[in-house]
file final35.cif (mmCIF, C-alpha atoms)
data_coords
#
loop_
_atom_site.label_atom_id
_atom_site.label_comp_id
_atom_site.auth_asym_id
_atom_site.auth_seq_id
_atom_site.Cartn_x
_atom_site.Cartn_y
_atom_site.Cartn_z
CA MET L 1 22.95 -7.66 18.42
CA LYS L 2 22.29 -5.94 15.09
CA ASN L 3 20.73 -2.48 15.57
CA ILE L 4 18.57 -0.97 12.84
CA PRO L 5 17.68 2.72 13.38
CA LEU L 6 14.45 3.77 11.68
CA ILE L 7 12.22 6.80 11.23
CA LEU L 8 8.50 6.34 10.65
CA MET L 9 6.74 8.84 8.40
CA GLY L 10 2.99 8.69 8.88
CA CYS L 11 1.16 7.57 12.02
CA GLY L 12 -2.28 6.78 10.71
CA GLY L 13 -3.78 3.32 11.10
CA VAL L 14 -0.92 1.43 9.41
CA GLY L 15 1.81 3.46 11.13
CA ARG L 16 0.32 2.97 14.59
CA HIS L 17 -0.13 -0.77 14.05
CA LEU L 18 3.49 -0.95 12.87
CA LEU L 19 4.75 0.65 16.10
CA GLN L 20 2.63 -1.78 18.12
CA HIS L 21 4.03 -4.69 16.08
CA ILE L 22 7.59 -3.52 16.70
CA VAL L 23 6.99 -3.33 20.45
CA SER L 24 5.21 -6.71 20.62
CA CYS L 25 7.98 -8.43 18.62
CA ARG L 26 10.87 -7.30 20.86
CA SER L 27 11.35 -10.78 22.33
CA LEU L 28 11.16 -12.51 18.93
CA HIS L 29 13.62 -10.11 17.33
CA SER L 30 15.97 -10.42 20.29
CA THR L 31 16.23 -14.18 19.71
CA GLN L 32 17.10 -13.35 16.10
CA GLY L 33 19.87 -10.98 17.22
CA LEU L 34 17.96 -7.96 15.97
CA CYS L 35 16.85 -4.66 17.52
CA LEU L 36 14.65 -2.18 15.66
CA ARG L 37 15.49 1.21 17.14
CA VAL L 38 12.80 3.81 16.38
CA VAL L 39 14.69 7.11 16.47
CA GLY L 40 11.91 9.30 15.07
CA VAL L 41 8.22 9.38 14.23
CA GLY L 42 6.57 12.05 12.09
CA ASP L 43 3.15 13.04 10.82
CA SER L 44 2.23 15.84 8.41
CA LYS L 45 2.89 18.56 11.01
CA SER L 46 5.41 17.32 13.57
CA LEU L 47 8.38 15.08 14.12
CA VAL L 48 9.53 13.62 17.43
CA VAL L 49 13.08 12.34 17.64
CA SER L 50 15.26 10.59 20.20
CA ASP L 51 17.66 12.83 22.10
CA ASP L 52 20.51 10.38 21.41
CA LEU L 53 20.26 9.28 17.80
CA LEU L 54 23.46 7.23 17.80
CA HIS L 55 22.71 5.12 20.86
CA LYS L 56 19.04 5.26 21.85
CA GLY L 57 15.63 5.02 20.30
CA LEU L 58 12.29 6.26 21.59
CA ASP L 59 11.38 3.83 24.36
CA ASP L 60 8.45 1.45 24.03
CA SER L 61 6.26 3.21 26.60
CA PHE L 62 6.69 6.42 24.62
CA LEU L 63 5.80 4.68 21.34
CA LEU L 64 2.62 3.23 22.83
CA GLN L 65 1.67 6.61 24.28
CA LEU L 66 2.27 8.11 20.86
CA CYS L 67 -0.18 5.59 19.36
CA ARG L 68 -2.81 6.60 21.90
CA VAL L 69 -2.28 10.30 21.20
CA LYS L 70 -2.61 9.83 17.44
CA SER L 71 -5.63 7.54 17.82
CA ALA L 72 -7.31 10.40 19.68
CA GLY L 73 -6.58 12.71 16.73
CA GLU L 74 -4.09 14.86 18.64
CA SER L 75 -0.76 16.37 17.60
CA LEU L 76 2.62 14.75 18.19
CA SER L 77 3.74 18.01 19.76
CA LYS L 78 1.67 17.01 22.81
CA LEU L 79 4.37 14.43 23.53
CA CYS L 80 7.12 17.00 24.12
CA ASP L 81 7.08 16.51 27.86
CA PHE L 82 6.69 12.74 27.76
CA GLY L 83 10.06 10.99 27.96
CA GLU L 84 13.26 12.10 26.30
CA CYS L 85 12.51 13.52 22.88
CA ARG L 86 12.48 16.70 20.88
CA ALA L 87 9.45 17.84 18.88
CA ILE L 88 10.09 19.51 15.54
CA VAL L 89 7.06 21.35 14.16
CA HIS L 90 6.16 21.50 10.45
CA PRO L 91 7.57 22.66 8.03
CA GLU L 92 10.87 21.57 9.60
CA PRO L 93 10.29 17.77 9.80
CA GLN L 94 11.53 16.99 6.28
CA GLY L 95 14.68 19.01 6.81
CA LYS L 96 15.27 17.31 10.17
CA ILE L 97 14.76 13.86 8.66
CA LEU L 98 17.37 14.63 6.00
CA GLU L 99 19.73 15.94 8.67
CA ILE L 100 19.39 12.64 10.54
CA ALA L 101 19.78 10.71 7.27
CA SER L 102 23.07 12.47 6.53
CA GLN L 103 24.24 11.79 10.09
CA LEU L 104 23.31 8.09 10.23
CA GLY L 105 23.03 7.01 6.59
CA ARG L 106 26.62 5.97 6.02
CA LYS L 107 27.60 5.63 9.68
CA THR L 108 25.09 3.26 11.28
CA GLY L 109 22.56 3.02 8.47
CA LEU L 110 18.96 4.24 8.65
CA VAL L 111 15.61 2.97 7.39
CA LEU L 112 12.95 5.48 6.38
CA VAL L 113 9.52 3.87 6.65
CA ASP L 114 6.79 5.61 4.66
CA CYS L 115 3.32 4.77 5.97
CA SER L 116 1.88 8.11 4.93
CA ALA L 117 -0.52 8.73 2.05
CA SER L 118 1.37 11.70 0.64
CA PHE L 119 3.28 12.51 -2.54
CA ASP L 120 5.51 14.85 -0.52
CA THR L 121 7.67 12.07 0.92
CA VAL L 122 9.22 11.27 -2.47
CA VAL L 123 11.63 14.23 -2.14
CA VAL L 124 12.92 13.02 1.22
CA LEU L 125 13.11 9.38 0.12
CA LYS L 126 15.15 10.14 -2.99
CA GLN L 127 17.71 12.21 -1.10
CA ALA L 128 17.91 9.77 1.83
CA ILE L 129 18.54 6.80 -0.47
CA ASP L 130 21.32 8.79 -2.10
CA MET L 131 22.80 9.24 1.39
CA GLY L 132 22.97 5.46 1.88
CA CYS L 133 19.67 4.99 3.71
CA CYS L 134 17.11 2.26 3.06
CA ALA L 135 13.43 2.89 2.35
CA VAL L 136 10.43 0.71 3.20
CA LEU L 137 7.11 1.82 1.73
CA ALA L 138 3.46 1.12 2.32
CA ASN L 139 2.68 4.42 0.59
CA LYS L 140 2.02 3.84 -3.14
CA LYS L 141 2.26 7.46 -4.23
CA PRO L 142 6.06 7.87 -4.44
CA LEU L 143 6.23 4.79 -6.70
CA THR L 144 3.44 6.11 -8.95
CA SER L 145 4.94 9.55 -9.39
CA SER L 146 7.01 10.34 -12.49
CA MET L 147 9.29 7.74 -14.09
CA GLU L 148 12.22 10.00 -13.16
CA ASP L 149 11.27 9.73 -9.47
CA PHE L 150 10.74 5.97 -9.79
CA LYS L 151 14.20 5.44 -11.28
CA LYS L 152 15.86 7.54 -8.57
CA LEU L 153 14.11 5.56 -5.84
CA PHE L 154 15.47 2.36 -7.40
CA MET L 155 18.97 3.73 -7.94
CA TYR L 156 20.11 1.17 -5.36
CA PRO L 157 17.53 -1.64 -5.71
CA ARG L 158 18.64 -3.52 -2.60
CA HIS L 159 17.95 -0.42 -0.49
CA ILE L 160 14.20 -0.29 -1.14
CA ARG L 161 11.35 -2.60 -0.11
CA HIS L 162 7.70 -1.98 -0.95
CA GLU L 163 5.78 -5.25 -0.66
CA SER L 164 2.90 -3.55 1.15
CA THR L 165 2.24 -1.09 -1.67
CA VAL L 166 0.45 -3.78 -3.69
CA GLY L 167 -0.77 -6.68 -1.56
CA ALA L 168 -0.43 -5.60 2.08
CA GLY L 169 1.26 -8.66 3.61
CA LEU L 170 0.99 -10.91 0.54
CA PRO L 171 4.28 -11.87 -1.20
CA VAL L 172 3.36 -10.27 -4.52
CA ILE L 173 6.47 -8.16 -5.17
CA ALA L 174 8.85 -10.84 -3.87
CA SER L 175 7.26 -13.50 -6.10
CA LEU L 176 7.34 -11.27 -9.16
CA ASN L 177 10.98 -10.31 -8.56
CA ARG L 178 11.96 -13.99 -8.26
CA ILE L 179 10.26 -14.72 -11.59
CA ILE L 180 12.02 -11.78 -13.25
CA CYS L 181 15.42 -12.80 -11.83
CA SER L 182 14.93 -16.34 -13.11
CA GLY L 183 14.54 -15.10 -16.68
CA ASP L 184 11.01 -16.50 -16.94
CA PRO L 185 9.12 -14.02 -19.17
CA VAL L 186 5.86 -12.69 -17.75
CA HIS L 187 3.09 -12.83 -20.36
CA GLN L 188 0.13 -11.59 -18.37
CA ILE L 189 -0.95 -10.56 -14.87
CA ILE L 190 -4.61 -10.49 -13.85
CA GLY L 191 -5.39 -9.40 -10.31
CA SER L 192 -8.15 -8.40 -7.96
CA LEU L 193 -6.17 -5.95 -5.85
CA SER L 194 -8.92 -4.17 -3.92
CA GLY L 195 -10.51 -5.92 -0.97
CA THR L 196 -13.37 -3.42 -1.16
CA LEU L 197 -14.13 -4.07 -4.83
CA ALA L 198 -13.67 -7.83 -4.43
CA TYR L 199 -16.35 -7.76 -1.73
CA VAL L 200 -18.65 -5.56 -3.83
CA MET L 201 -18.42 -7.74 -6.95
CA SER L 202 -18.93 -11.03 -5.12
CA GLU L 203 -21.97 -9.63 -3.32
CA VAL L 204 -23.69 -8.25 -6.45
CA GLU L 205 -23.07 -11.66 -8.01
CA ASP L 206 -25.50 -13.01 -5.40
CA GLY L 207 -28.20 -10.66 -6.68
CA LYS L 208 -27.85 -7.86 -4.15
CA PRO L 209 -28.21 -4.28 -5.44
CA LEU L 210 -24.94 -2.39 -5.85
CA SER L 211 -26.28 0.49 -3.76
CA GLN L 212 -27.01 -1.78 -0.81
CA VAL L 213 -23.71 -3.66 -1.11
CA VAL L 214 -21.70 -0.41 -1.03
CA LYS L 215 -23.62 0.81 2.03
CA ASP L 216 -22.98 -2.55 3.74
CA ALA L 217 -19.29 -2.37 2.84
CA LYS L 218 -19.09 1.13 4.29
CA SER L 219 -20.74 0.04 7.55
CA LEU L 220 -18.30 -2.88 7.79
CA GLY L 221 -15.36 -0.49 7.44
CA TYR L 222 -14.27 -1.93 4.07
CA THR L 223 -14.47 1.40 2.21
CA GLU L 224 -12.88 4.78 2.60
CA PRO L 225 -15.10 7.41 4.32
CA ASP L 226 -16.16 8.41 0.79
CA PRO L 227 -16.74 5.08 -1.06
CA ARG L 228 -16.00 6.81 -4.36
CA ASP L 229 -12.31 6.69 -3.42
CA ASP L 230 -12.61 2.91 -3.85
CA LEU L 231 -15.23 2.74 -6.60
CA GLY L 232 -13.23 5.05 -8.88
CA GLY L 233 -10.52 2.41 -9.33
CA MET L 234 -7.57 4.76 -8.75
CA ASP L 235 -6.14 2.70 -5.89
CA VAL L 236 -6.13 -0.43 -8.09
CA ALA L 237 -4.57 1.58 -10.93
CA ARG L 238 -1.70 2.69 -8.69
CA LYS L 239 -1.00 -0.91 -7.70
CA ALA L 240 -1.16 -2.00 -11.33
CA LEU L 241 1.25 0.78 -12.31
CA ILE L 242 3.78 -0.39 -9.72
CA LEU L 243 3.60 -3.96 -11.07
CA THR L 244 3.92 -2.78 -14.67
CA ARG L 245 6.96 -0.67 -13.84
CA ILE L 246 8.59 -3.56 -11.99
CA LEU L 247 8.26 -5.53 -15.23
CA GLY L 248 10.38 -2.83 -16.87
CA HIS L 249 7.74 -0.83 -18.72
CA GLN L 250 8.11 2.94 -18.51
CA ILE L 251 4.51 4.07 -18.28
CA ASN L 252 2.67 6.64 -16.19
CA LEU L 253 -0.72 6.66 -14.49
CA ASP L 254 -2.35 8.47 -17.40
CA SER L 255 -1.36 5.54 -19.66
CA ILE L 256 -3.74 3.24 -17.78
CA GLN L 257 -7.33 2.79 -18.91
CA ILE L 258 -9.44 3.01 -15.72
CA GLU L 259 -13.12 2.09 -15.48
CA SER L 260 -14.91 3.90 -12.67
CA LEU L 261 -18.02 2.32 -11.19
CA TYR L 262 -19.72 5.72 -11.10
CA PRO L 263 -20.02 8.49 -13.76
CA LYS L 264 -18.44 11.93 -13.56
CA GLU L 265 -21.89 13.35 -12.88
CA MET L 266 -21.70 11.72 -9.46
CA GLY L 267 -18.18 12.93 -8.67
CA THR L 268 -17.07 14.58 -5.45
CA ASP L 269 -17.36 18.05 -6.98
CA VAL L 270 -21.01 17.41 -7.88
CA MET L 271 -22.51 15.26 -5.09
CA THR L 272 -21.94 15.08 -1.36
CA ILE L 273 -21.28 11.65 0.15
CA ASP L 274 -24.84 11.44 1.47
CA ASP L 275 -26.30 12.43 -1.91
CA PHE L 276 -24.15 9.86 -3.67
CA LEU L 277 -25.19 7.08 -1.30
CA GLY L 278 -28.85 8.10 -1.18
CA ARG L 279 -29.62 9.36 -4.71
CA GLY L 280 -26.70 8.48 -6.97
CA LEU L 281 -25.86 4.86 -6.25
CA PRO L 282 -29.40 3.45 -6.71
CA LEU L 283 -29.34 4.77 -10.29
CA LEU L 284 -26.44 2.38 -11.03
CA ASP L 285 -28.14 -0.78 -9.75
CA LYS L 286 -29.89 -1.84 -12.98
CA ASP L 287 -26.82 -1.51 -15.20
CA ILE L 288 -24.58 -3.55 -12.89
CA GLN L 289 -27.26 -6.20 -12.40
CA ALA L 290 -27.72 -6.50 -16.17
CA ARG L 291 -23.97 -7.06 -16.59
CA VAL L 292 -23.99 -9.67 -13.82
CA GLU L 293 -26.87 -11.54 -15.48
CA LYS L 294 -25.22 -11.40 -18.91
CA ALA L 295 -22.00 -12.87 -17.49
CA ALA L 296 -23.98 -15.58 -15.66
CA SER L 297 -25.72 -16.54 -18.93
CA ASN L 298 -22.26 -17.24 -20.34
CA GLY L 299 -21.33 -19.30 -17.27
CA ASN L 300 -19.02 -16.51 -16.08
CA VAL L 301 -18.76 -13.94 -13.30
CA LEU L 302 -17.73 -10.29 -13.08
CA ARG L 303 -14.65 -9.17 -11.17
CA TYR L 304 -12.99 -5.77 -10.85
CA VAL L 305 -9.40 -6.47 -11.89
CA CYS L 306 -6.22 -5.10 -13.36
CA VAL L 307 -4.96 -6.72 -16.55
CA ILE L 308 -1.31 -6.27 -17.52
CA GLU L 309 0.03 -7.52 -20.87
CA GLY L 310 3.35 -6.04 -21.91
CA SER L 311 3.10 -2.29 -21.43
CA ARG L 312 -0.71 -2.38 -21.78
CA CYS L 313 -2.49 -1.94 -18.47
CA GLU L 314 -6.24 -1.79 -17.90
CA VAL L 315 -8.31 -1.56 -14.74
CA GLY L 316 -12.03 -2.32 -14.62
CA ILE L 317 -14.77 -4.95 -14.67
CA GLN L 318 -13.90 -8.13 -16.58
CA GLU L 319 -16.01 -11.21 -17.33
CA LEU L 320 -14.06 -14.24 -16.09
CA GLU L 321 -14.53 -18.00 -15.91
CA LYS L 322 -16.46 -18.99 -12.82
CA ASN L 323 -14.03 -21.79 -11.94
CA SER L 324 -10.85 -19.73 -12.30
CA PRO L 325 -9.04 -18.56 -9.14
CA LEU L 326 -10.45 -15.07 -9.65
CA GLY L 327 -13.88 -16.44 -10.46
CA ARG L 328 -13.96 -18.38 -7.20
CA LEU L 329 -12.97 -15.29 -5.20
CA ARG L 330 -15.36 -14.47 -2.37
CA GLY L 331 -15.26 -11.75 0.24
CA SER L 332 -12.48 -9.19 0.51
CA ASP L 333 -9.40 -11.30 -0.34
CA ASN L 334 -6.91 -10.28 -3.00
CA VAL L 335 -6.06 -12.70 -5.81
CA LEU L 336 -3.29 -12.37 -8.39
CA GLU L 337 -2.77 -14.71 -11.36
CA ILE L 338 0.67 -14.53 -13.01
CA TYR L 339 1.09 -16.20 -16.41
CA THR L 340 4.64 -16.88 -17.59
CA ARG L 341 6.47 -19.38 -19.78
CA CYS L 342 6.75 -21.72 -16.78
CA TYR L 343 3.30 -20.89 -15.41
CA CYS L 344 1.43 -21.01 -18.69
CA LYS L 345 -1.60 -23.32 -18.45
CA GLN L 346 -1.73 -23.10 -14.67
CA PRO L 347 -0.81 -19.60 -13.46
CA LEU L 348 1.05 -18.80 -10.28
CA VAL L 349 -1.76 -17.77 -7.92
CA ILE L 350 -1.26 -15.56 -4.88
CA GLN L 351 -4.30 -15.19 -2.64
CA GLY L 352 -5.08 -13.92 0.83
CA ALA L 353 -5.99 -10.89 2.89
CA GLY L 354 -4.71 -7.93 0.92
CA ALA L 355 -5.96 -5.09 3.05
CA GLY L 356 -6.37 -3.94 6.63
CA ASN L 357 -4.08 -1.95 8.90
CA TYR L 358 -2.89 -4.98 10.88
CA THR L 359 -2.04 -7.04 7.78
CA THR L 360 -0.36 -4.14 6.00
CA ALA L 361 1.70 -3.24 9.07
CA ALA L 362 2.86 -6.85 9.35
CA GLY L 363 4.04 -6.69 5.73
CA VAL L 364 5.93 -3.46 6.43
CA LEU L 365 7.61 -5.00 9.47
CA ALA L 366 8.72 -8.01 7.41
CA ASP L 367 10.23 -5.63 4.84
CA ILE L 368 12.15 -3.76 7.55
CA VAL L 369 13.58 -7.02 8.88
CA ASP L 370 14.44 -8.02 5.30
CA VAL L 371 16.96 -5.18 4.88
CA GLN L 372 19.00 -6.24 7.94
CA ASP L 373 21.77 -7.73 5.80
CA LEU L 374 22.67 -4.17 4.76
CA PHE L 375 23.47 -3.33 8.39
CA SER L 376 26.66 -4.33 10.17
#
call {"tool": "encode", "arguments": {"input": "final35.cif", "output": "structure tokens"}}
result
Amino acid sequence: MKNIPLILMGCGGVGRHLLQHIVSCRSLHSTQGLCLRVVGVGDSKSLVVSDDLLHKGLDDSFLLQLCRVKSAGESLSKLCDFGECRAIVHPEPQGKILEIASQLGRKTGLVLVDCSASFDTVVVLKQAIDMGCCAVLANKKPLTSSMEDFKKLFMYPRHIRHESTVGAGLPVIASLNRIICSGDPVHQIIGSLSGTLAYVMSEVEDGKPLSQVVKDAKSLGYTEPDPRDDLGGMDVARKALILTRILGHQINLDSIQIESLYPKEMGTDVMTIDDFLGRGLPLLDKDIQARVEKAASNGNVLRYVCVIEGSRCEVGIQELEKNSPLGRLRGSDNVLEIYTRCYCKQPLVIQGAGAGNYTTAAGVLADIVDVQDLFS
């Protein structure tokens, strides 16, 4: 049986679903000769660790209780008396994680799984990788930090997996890496990489006002609590930056041209969420509808996409052919078109659910399993 010790950083929606996936897949992984041993779980304030790092992980009943505690919005420190663990309170967690990394990194191996939404983890990840650990990321922020940080994270390319940073469970990174390794030059990538914005654009195409579509999306749970976090395009820009850097271009986030669906006058420092939804959004309806009608008169549709050509990267609304894969996109799916020398007239198309805690957690779990060849 191959044992893979891991520490989870971040127990929000994706992190909790990952722990539940790990527990539910015990039987499957056992038949594959694999055991994922969760030796620690941390949030922004606390870290709980197994009392026997070399031989035991946190047991499944503890992990499920942890999920319940975090779902209720409570602290991990509440779990001190549940099972055999130690609770380390912030600001010690990062130091403790590095202590464990130095202890297990070159002895048994260790996977650090970043399901947080923080820039702070990049410091831990860089040092842990240097200690021989592996890293699996759903968190985009470490990969969209400085180029110096990016290069250090990829110092040992086989030790890092990050499929879920771009397409949740979709094989976007794996497909792109296979193309790069084959020597097939990538000419262009066009992608709808936000389930929220895909839904919004396909709904306004049907003649619905933008303001109503955004409110509907929020009620369906498609948007962040403040929809401007989606409508600003920054999440798509981060994903586009990761893809551009994988292609070998050394650019930063400020190199990307980003079109926001709302003006600065409606920003978070000017309007509350309620004001934005009630007073701000309706003012944008006419402009978006006019753009939709103009595209329709040309036989086209509007989609919010990233466009990558060489080191040029843009994020915003594009007018696309109605019968293209992106033009046919409906609902909240992600679609990516990759044009290369081999895939010239007919691009390689990757499409499917690209968001959601369950889907993203499944992608993270697949990445963890994928590094097993690095463990004895």
call {"tool": "closest_residue", "arguments": {"input": "final35.cif", "among": "L:Arg312, L:Arg37, L:Lys96, L:Arg238", "to": "Gln250 in chain L", "atoms": "all atoms listed in the file"}}
result
L:Arg312
call {"tool": "closest_residue", "arguments": {"input": "final35.cif", "among": "L:Ala362, L:Met155, L:Val270, L:Val166", "to": "Thr244 in chain L", "atoms": "all atoms listed in the file"}}
result
L:Val166
call {"tool": "resolve_selection", "arguments": {"input": "final35.cif", "expression": "the PyMOL selection byres ((chain L and resi 295-306) around 7)", "output": "PyMOL selection string"}}
result
chain L and resi 190-193+197-198+201+240+291-294+307-308+314-322+327
call {"tool": "residues_around", "arguments": {"input": "final35.cif", "residues": "range 271-275 of chain L", "least_positions_apart": "5", "cutoff": "9 Å", "atoms": "only C-alpha atoms", "output": "number ranges by chain"}}
result
L: 225-228, 265-266, 280-281
call {"tool": "resolve_selection", "arguments": {"input": "final35.cif", "expression": "the PyMOL selection byres ((chain L and resi 336-348) around 9)", "output": "count of residues only"}}
result
20
call {"tool": "axis_aligned_box", "arguments": {"input": "final35.cif", "around": "range 61-73 of chain L", "padding_each_side": "8 Å", "output": "JSON"}}
result
{"center_x": -0.3, "center_y": 8.0, "center_z": 21.7, "size_x": 30.0, "size_y": 25.5, "size_z": 25.9}
call {"tool": "closest_residue", "arguments": {"input": "final35.cif", "among": "L:Leu36, L:Val200, L:Ser61, L:Thr165", "to": "Tyr222 in chain L", "atoms": "all atoms listed in the file"}}
result
L:Val200
call {"tool": "residues_around", "arguments": {"input": "final35.cif", "residues": "Gln65 in chain L", "least_positions_apart": "6", "cutoff": "12 Å", "atoms": "all atoms listed in the file", "output": "PyMOL selection string"}}
result
chain L and resi 16+19-20+23+58-59+71-72+74+76+78-83
call {"tool": "atom_distance", "arguments": {"input": "final35.cif", "atom1": "CA of Ser146 in chain L", "atom2": "CA of Leu247 in chain L"}}
result
16.2 Å
call {"tool": "atom_distance", "arguments": {"input": "final35.cif", "atom1": "CA of Val69 in chain L", "atom2": "CA of Cys11 in chain L"}}
result
10.2 Å
call {"tool": "closest_residue", "arguments": {"input": "final35.cif", "among": "L:Thr268, L:Ser145, L:Asn177, L:Ser332", "to": "Leu253 in chain L", "atoms": "all atoms listed in the file"}}
result
L:Ser145
call {"tool": "closest_residue", "arguments": {"input": "final35.cif", "among": "L:Asp120, L:Asp114, L:Glu148, L:Glu224", "to": "Cys134 in chain L", "atoms": "all atoms listed in the file"}}
result
L:Asp114
